[in-house]
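Engineer: What follows is the file final.cif, containing mmCIF, C-alpha atoms:
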```
data_entry
loop_
_atom_site.label_atom_id
_atom_site.label_comp_id
_atom_site.auth_asym_id
_atom_site.auth_seq_id
_atom_site.Cartn_x
_atom_site.Cartn_y
_atom_site.Cartn_z
CA MET A 150 0.15 5.33 7.84
CA GLU A 151 -2.10 2.35 8.14
CA ILE A 152 -0.39 -1.04 7.95
CA LYS A 153 -2.85 -2.22 5.32
CA LEU A 154 -1.89 0.68 3.05
CA PHE A 155 1.84 0.16 3.61
CA LYS A 156 1.60 -3.51 2.67
CA ALA A 157 -0.57 -2.69 -0.35
CA LEU A 158 1.98 -0.11 -1.58
CA LEU A 159 4.84 -2.56 -1.12
CA ASN A 160 2.92 -5.27 -2.97
CA GLU A 161 1.93 -2.91 -5.80
CA VAL A 162 5.50 -1.81 -6.48
CA LEU A 163 7.10 -5.24 -6.12
CA VAL A 164 4.58 -7.05 -8.32
CA ALA A 165 4.98 -4.32 -10.96
CA ARG A 166 8.76 -4.92 -10.77
CA ARG A 167 8.30 -8.68 -11.54
CA PHE A 168 8.48 -10.02 -7.98
CA SER A 169 6.36 -13.02 -7.14
CA LYS A 170 4.91 -13.60 -3.70
CA LYS A 171 4.94 -16.86 -1.81
CA ASN A 172 3.54 -16.86 1.72
CA SER A 173 4.82 -13.62 3.25
CA TYR A 174 7.96 -13.31 1.09
CA TYR A 175 8.65 -11.68 -2.27
CA PHE A 176 11.01 -13.33 -4.75
CA LEU A 177 12.85 -12.14 -7.84
CA ALA A 178 15.09 -14.64 -9.61
CA GLY A 179 17.90 -13.52 -11.85
CA GLU A 180 20.54 -15.24 -13.89
CA ASP A 181 22.92 -15.85 -10.95
CA CYS A 182 21.02 -14.82 -7.83
CA ILE A 183 17.64 -14.84 -6.17
CA CYS A 184 16.46 -11.86 -4.17
CA ILE A 185 14.04 -12.43 -1.29
CA LEU A 186 12.25 -9.65 0.57
CA GLY A 187 10.51 -10.09 3.90
CA LEU A 188 8.78 -7.75 6.31
CA GLN A 189 9.99 -7.57 9.90
CA LYS A 190 7.70 -5.89 12.42
CA SER A 191 9.35 -3.84 15.14
CA ASN A 192 8.80 -5.09 18.66
CA PHE A 193 9.04 -1.56 20.01
CA SER A 194 6.84 0.58 17.76
CA THR A 195 4.42 0.50 14.88
CA GLY A 196 6.78 0.09 12.00
CA TYR A 197 8.53 -2.34 9.70
CA TYR A 198 11.88 -3.17 8.21
CA VAL A 199 11.93 -4.59 4.69
CA ASN A 200 14.74 -7.14 4.81
CA VAL A 201 16.57 -8.19 1.66
CA GLY A 202 18.34 -11.51 1.26
CA ILE A 203 20.44 -12.16 -1.85
CA ILE A 204 20.96 -15.85 -2.53
CA LEU A 205 23.87 -16.86 -4.76
CA LYS A 206 22.64 -19.76 -6.90
CA GLY A 207 26.15 -21.17 -7.11
CA LEU A 208 26.18 -21.76 -3.36
CA HIS A 209 22.80 -23.44 -3.00
CA HIS A 210 21.25 -26.57 -4.45
CA ASN A 211 17.73 -26.27 -3.10
CA TYR A 212 15.73 -23.07 -3.46
CA ASP A 213 12.58 -24.30 -1.71
CA ASN A 214 11.48 -22.53 1.45
CA LEU A 215 14.22 -19.90 1.39
CA LYS A 216 13.71 -16.75 3.44
CA ASP A 217 15.35 -13.34 3.48
CA THR A 218 17.38 -14.47 6.50
CA ASP A 219 18.99 -17.19 4.36
CA GLY A 220 20.63 -14.53 2.18
CA ASP A 221 24.32 -14.81 1.44
CA ILE A 222 24.22 -11.01 1.38
CA ARG A 223 21.70 -9.13 3.47
CA THR A 224 20.51 -5.57 3.62
CA ARG A 225 17.30 -3.56 4.03
CA LEU A 226 15.23 -1.27 1.86
CA THR A 227 15.55 2.39 2.79
CA TYR A 228 13.90 5.76 2.22
CA MET A 229 14.84 9.38 2.78
CA ASN A 230 13.51 10.91 5.99
CA GLY A 231 14.57 14.40 7.01
CA GLY A 232 17.62 14.27 4.74
CA LYS A 233 18.77 10.92 6.15
CA GLU A 234 18.57 7.49 4.62
CA VAL A 235 16.70 5.26 7.07
CA ASP A 236 15.79 1.59 6.96
CA PHE A 237 12.84 1.69 9.38
CA PHE A 238 9.42 2.48 7.94
CA ASP A 239 7.87 4.10 11.02
CA LEU A 240 4.15 3.94 10.32
CA GLU A 241 3.40 6.24 13.27
CA LYS A 242 5.35 9.03 11.57
CA LEU A 243 4.35 8.28 7.97
CA SER A 244 0.95 9.47 6.85
CA ASN A 245 -1.30 7.97 4.23
CA SER A 246 -0.37 10.92 2.01
CA ASP A 247 3.26 9.66 1.99
CA ASP A 248 2.20 6.88 -0.38
CA GLN A 249 4.14 8.33 -3.34
CA LEU A 250 7.31 8.65 -1.24
CA ILE A 251 7.04 4.99 -0.21
CA LYS A 252 6.39 3.77 -3.75
CA GLU A 253 9.25 5.81 -5.22
CA SER A 254 11.64 4.69 -2.47
CA ILE A 255 10.86 1.01 -2.92
CA SER A 256 11.17 1.30 -6.69
CA LYS A 257 14.52 3.13 -6.35
CA ASN A 258 15.82 0.39 -4.03
CA VAL A 259 14.83 -2.25 -6.57
CA SER A 260 16.67 -0.34 -9.33
CA ASP A 261 19.76 0.54 -7.30
CA ILE A 262 20.29 -2.59 -5.20
CA ILE A 263 18.19 -5.56 -6.20
CA GLU A 264 18.32 -5.57 -9.99
CA PRO A 265 22.13 -5.16 -10.14
CA ALA A 266 22.48 -8.00 -7.63
CA LEU A 267 20.73 -10.53 -9.89
CA LYS A 268 23.92 -11.10 -11.93
CA ILE A 269 27.40 -11.81 -10.54
CA ASP A 270 29.04 -8.86 -12.33
CA GLY A 271 26.38 -6.47 -11.06
CA LEU A 272 26.68 -7.88 -7.57
CA ARG A 273 30.45 -7.37 -7.57
CA ARG A 274 29.96 -3.74 -8.70
CA LEU A 275 27.31 -3.22 -6.04
CA LEU A 276 29.65 -4.49 -3.30
CA ALA A 277 32.47 -2.30 -4.62
CA ASP A 278 30.19 0.77 -4.69
CA ARG A 279 28.66 0.01 -1.29
CA PRO A 280 31.40 -1.64 0.78
CA VAL A 281 29.23 -1.45 3.91
CA LEU A 282 27.33 -4.42 2.43
CA LEU A 283 30.42 -6.55 2.95
CA TYR A 284 29.63 -6.55 6.67
CA GLN A 285 26.43 -8.43 5.86
CA THR A 286 28.05 -10.80 3.36
CA ARG A 287 28.82 -14.34 4.40
CA LEU A 288 32.40 -15.53 4.15
CA THR A 289 31.43 -18.26 1.67
CA ALA A 290 29.86 -15.60 -0.57
CA LYS A 291 32.98 -13.44 -0.42
CA GLU A 292 35.10 -16.43 -1.38
CA PHE A 293 32.69 -17.41 -4.18
CA LEU A 294 32.79 -13.86 -5.56
CA GLY A 295 36.60 -13.69 -5.32
CA ILE A 296 36.55 -10.80 -2.87
CA SER A 297 39.83 -10.35 -1.04
CA LEU A 298 39.52 -11.13 2.65
CA SER A 299 42.55 -9.12 3.71
#
```
What is this file in structure tokens?
Structural biologist:
Amino acid sequence: MEIKLFKALLNEVLVARRFSKKNSYYFLAGEDCICILGLQKSNFSTGYYVNVGIILKGLHHNYDNLKDTDGDIRTRLTYMNGGKEVDFFDLEKLSNSDDQLIKESISKNVSDIIEPALKIDGLRRLLADRPVLLYQTRLTAKEFLGISLS
């Protein structure tokens, strides 16, 4: 898949899902959290990760110049490849005809991960349903959310 097409597909889906774009990041603000998406190019092949940073508004006072790496909770967008969920969009293996797969995968990630994370209750449910996300959750966020550390 051509990089230009991949970025256009990502932009199309995210803008349709109410994300705004500032510089090279996408933002979606909710009641309690802000979600930031950023592309990370692989140093080893022609592909990208789509990093997700979830910012808890209660832990931050300034929202200017935030990046996905500033997320209190971090993850990546994924898609199904050969029956496995993968977080690396390998453009050498994806063809331009995989455009629908990419769009559906991004949209599903927004529905399943990002939108629930925009409110504290949804974020707590998301972490309970996907405990692997706790490995990418900062200690201050766990404390703020009342998640047991034992």
Engineer: Please write as a ChimeraX atom specification the full residue list that the PyMOL selection byres ((chain A and resi 231-247) around 10) yields on this file.
Structural biologist: /A:150-152,154-155,189-191,194-200,224-230,248-252
Engineer: Restricting the output to C-alpha atoms, write the selected residues as a compact mmCIF listing (two decimals), in the frame of the given file.
Structural biologist:
```
# COMPACT_ATOMS: atom_id res chain seq x y z
CA MET A 150 0.15 5.33 7.84
CA GLU A 151 -2.10 2.35 8.14
CA ILE A 152 -0.39 -1.04 7.95
CA LEU A 154 -1.89 0.68 3.05
CA PHE A 155 1.84 0.16 3.61
CA GLN A 189 9.99 -7.57 9.90
CA LYS A 190 7.70 -5.89 12.42
CA SER A 191 9.35 -3.84 15.14
CA SER A 194 6.84 0.58 17.76
CA THR A 195 4.42 0.50 14.88
CA GLY A 196 6.78 0.09 12.00
CA TYR A 197 8.53 -2.34 9.70
CA TYR A 198 11.88 -3.17 8.21
CA VAL A 199 11.93 -4.59 4.69
CA ASN A 200 14.74 -7.14 4.81
CA THR A 224 20.51 -5.57 3.62
CA ARG A 225 17.30 -3.56 4.03
CA LEU A 226 15.23 -1.27 1.86
CA THR A 227 15.55 2.39 2.79
CA TYR A 228 13.90 5.76 2.22
CA MET A 229 14.84 9.38 2.78
CA ASN A 230 13.51 10.91 5.99
CA ASP A 248 2.20 6.88 -0.38
CA GLN A 249 4.14 8.33 -3.34
CA LEU A 250 7.31 8.65 -1.24
CA ILE A 251 7.04 4.99 -0.21
CA LYS A 252 6.39 3.77 -3.75
```
Engineer: Using the chain letters and residue numbers of this document, give as a short mmCIF file (atom, residue, chain, number, x, y, z; two decimals) with C-alpha atoms, in the frame of the given file the residues selected by the PyMOL selection byres ((chain A and resi 275-282) around 8).
Structural biologist:
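That gives us part35.cif:
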```cif
data_model
loop_
_atom_site.label_atom_id
_atom_site.label_comp_id
_atom_site.auth_asym_id
_atom_site.auth_seq_id
_atom_site.Cartn_x
_atom_site.Cartn_y
_atom_site.Cartn_z
CA ILE A 222 24.22 -11.01 1.38
CA ARG A 223 21.70 -9.13 3.47
CA THR A 224 20.51 -5.57 3.62
CA ILE A 262 20.29 -2.59 -5.20
CA PRO A 265 22.13 -5.16 -10.14
CA ALA A 266 22.48 -8.00 -7.63
CA GLY A 271 26.38 -6.47 -11.06
CA LEU A 272 26.68 -7.88 -7.57
CA ARG A 273 30.45 -7.37 -7.57
CA ARG A 274 29.96 -3.74 -8.70
CA LEU A 283 30.42 -6.55 2.95
CA TYR A 284 29.63 -6.55 6.67
CA GLN A 285 26.43 -8.43 5.86
CA THR A 286 28.05 -10.80 3.36
#
```
Engineer: Can you pull out every residue within 12 Å of stretch 208-220 of chain A, counting all atoms listed in the file, but drop anything in the same chain fewer than 2 positions away, and send it as number ranges by chain?
Structural biologist: A: 170-178, 181-189, 198-206, 222-225, 266, 285-294
Engineer: Could those residues be written to a file, using C-alpha atoms, as a CSV table (one decimal), in the coordinates of the input?
Structural biologist:
```csv
chain,number,residue,atom,x,y,z
A,170,LYS,CA,4.9,-13.6,-3.7
A,171,LYS,CA,4.9,-16.9,-1.8
A,172,ASN,CA,3.5,-16.9,1.7
A,173,SER,CA,4.8,-13.6,3.2
A,174,TYR,CA,8.0,-13.3,1.1
A,175,TYR,CA,8.6,-11.7,-2.3
A,176,PHE,CA,11.0,-13.3,-4.8
A,177,LEU,CA,12.8,-12.1,-7.8
A,178,ALA,CA,15.1,-14.6,-9.6
A,181,ASP,CA,22.9,-15.8,-11.0
A,182,CYS,CA,21.0,-14.8,-7.8
A,183,ILE,CA,17.6,-14.8,-6.2
A,184,CYS,CA,16.5,-11.9,-4.2
A,185,ILE,CA,14.0,-12.4,-1.3
A,186,LEU,CA,12.2,-9.6,0.6
A,187,GLY,CA,10.5,-10.1,3.9
A,188,LEU,CA,8.8,-7.8,6.3
A,189,GLN,CA,10.0,-7.6,9.9
A,198,TYR,CA,11.9,-3.2,8.2
A,199,VAL,CA,11.9,-4.6,4.7
A,200,ASN,CA,14.7,-7.1,4.8
A,201,VAL,CA,16.6,-8.2,1.7
A,202,GLY,CA,18.3,-11.5,1.3
A,203,ILE,CA,20.4,-12.2,-1.8
A,204,ILE,CA,21.0,-15.8,-2.5
A,205,LEU,CA,23.9,-16.9,-4.8
A,206,LYS,CA,22.6,-19.8,-6.9
A,222,ILE,CA,24.2,-11.0,1.4
A,223,ARG,CA,21.7,-9.1,3.5
A,224,THR,CA,20.5,-5.6,3.6
A,225,ARG,CA,17.3,-3.6,4.0
A,266,ALA,CA,22.5,-8.0,-7.6
A,285,GLN,CA,26.4,-8.4,5.9
A,286,THR,CA,28.0,-10.8,3.4
A,287,ARG,CA,28.8,-14.3,4.4
A,288,LEU,CA,32.4,-15.5,4.2
A,289,THR,CA,31.4,-18.3,1.7
A,290,ALA,CA,29.9,-15.6,-0.6
A,291,LYS,CA,33.0,-13.4,-0.4
A,292,GLU,CA,35.1,-16.4,-1.4
A,293,PHE,CA,32.7,-17.4,-4.2
A,294,LEU,CA,32.8,-13.9,-5.6
```
Engineer: Kindly provide, as JSON, the centre and edge lengths (Å, one decimal) of an axis-aligned box around all atoms of stretch 173-179 of chain A given in the file, with 3 Å on each side.
Structural biologist:
```
{"center_x": 11.4, "center_y": -13.2, "center_z": -4.3, "size_x": 19.1, "size_y": 9.0, "size_z": 21.1}
```
Engineer: Hey, can you check how far atom CA of A:Leu298 sits from atom CA of A:Val259?
Structural biologist: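 Computed distance, atom CA of A:Leu298 to atom CA of A:Val259, equals 27.8 Å.
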Engineer: Spell out the residues picked by the PyMOL selection byres ((chain A and resi 256) around 10) here, as number ranges by chain.
Structural biologist: A: 159, 162-163, 165-166, 226, 250-255, 257-261, 263
Engineer: Atom CA of A:Asp221 and atom CA of A:Asn160, how far apart in Å?
Structural biologist: 23.8 Å
Engineer: Applying 9 Å and all atoms listed in the file, which residues near A:Glu180 remain after dropping the ones on its own chain fewer than 5 positions away? List them as a PyMOL selection string.
Structural biologist: chain A and resi 206+267-269
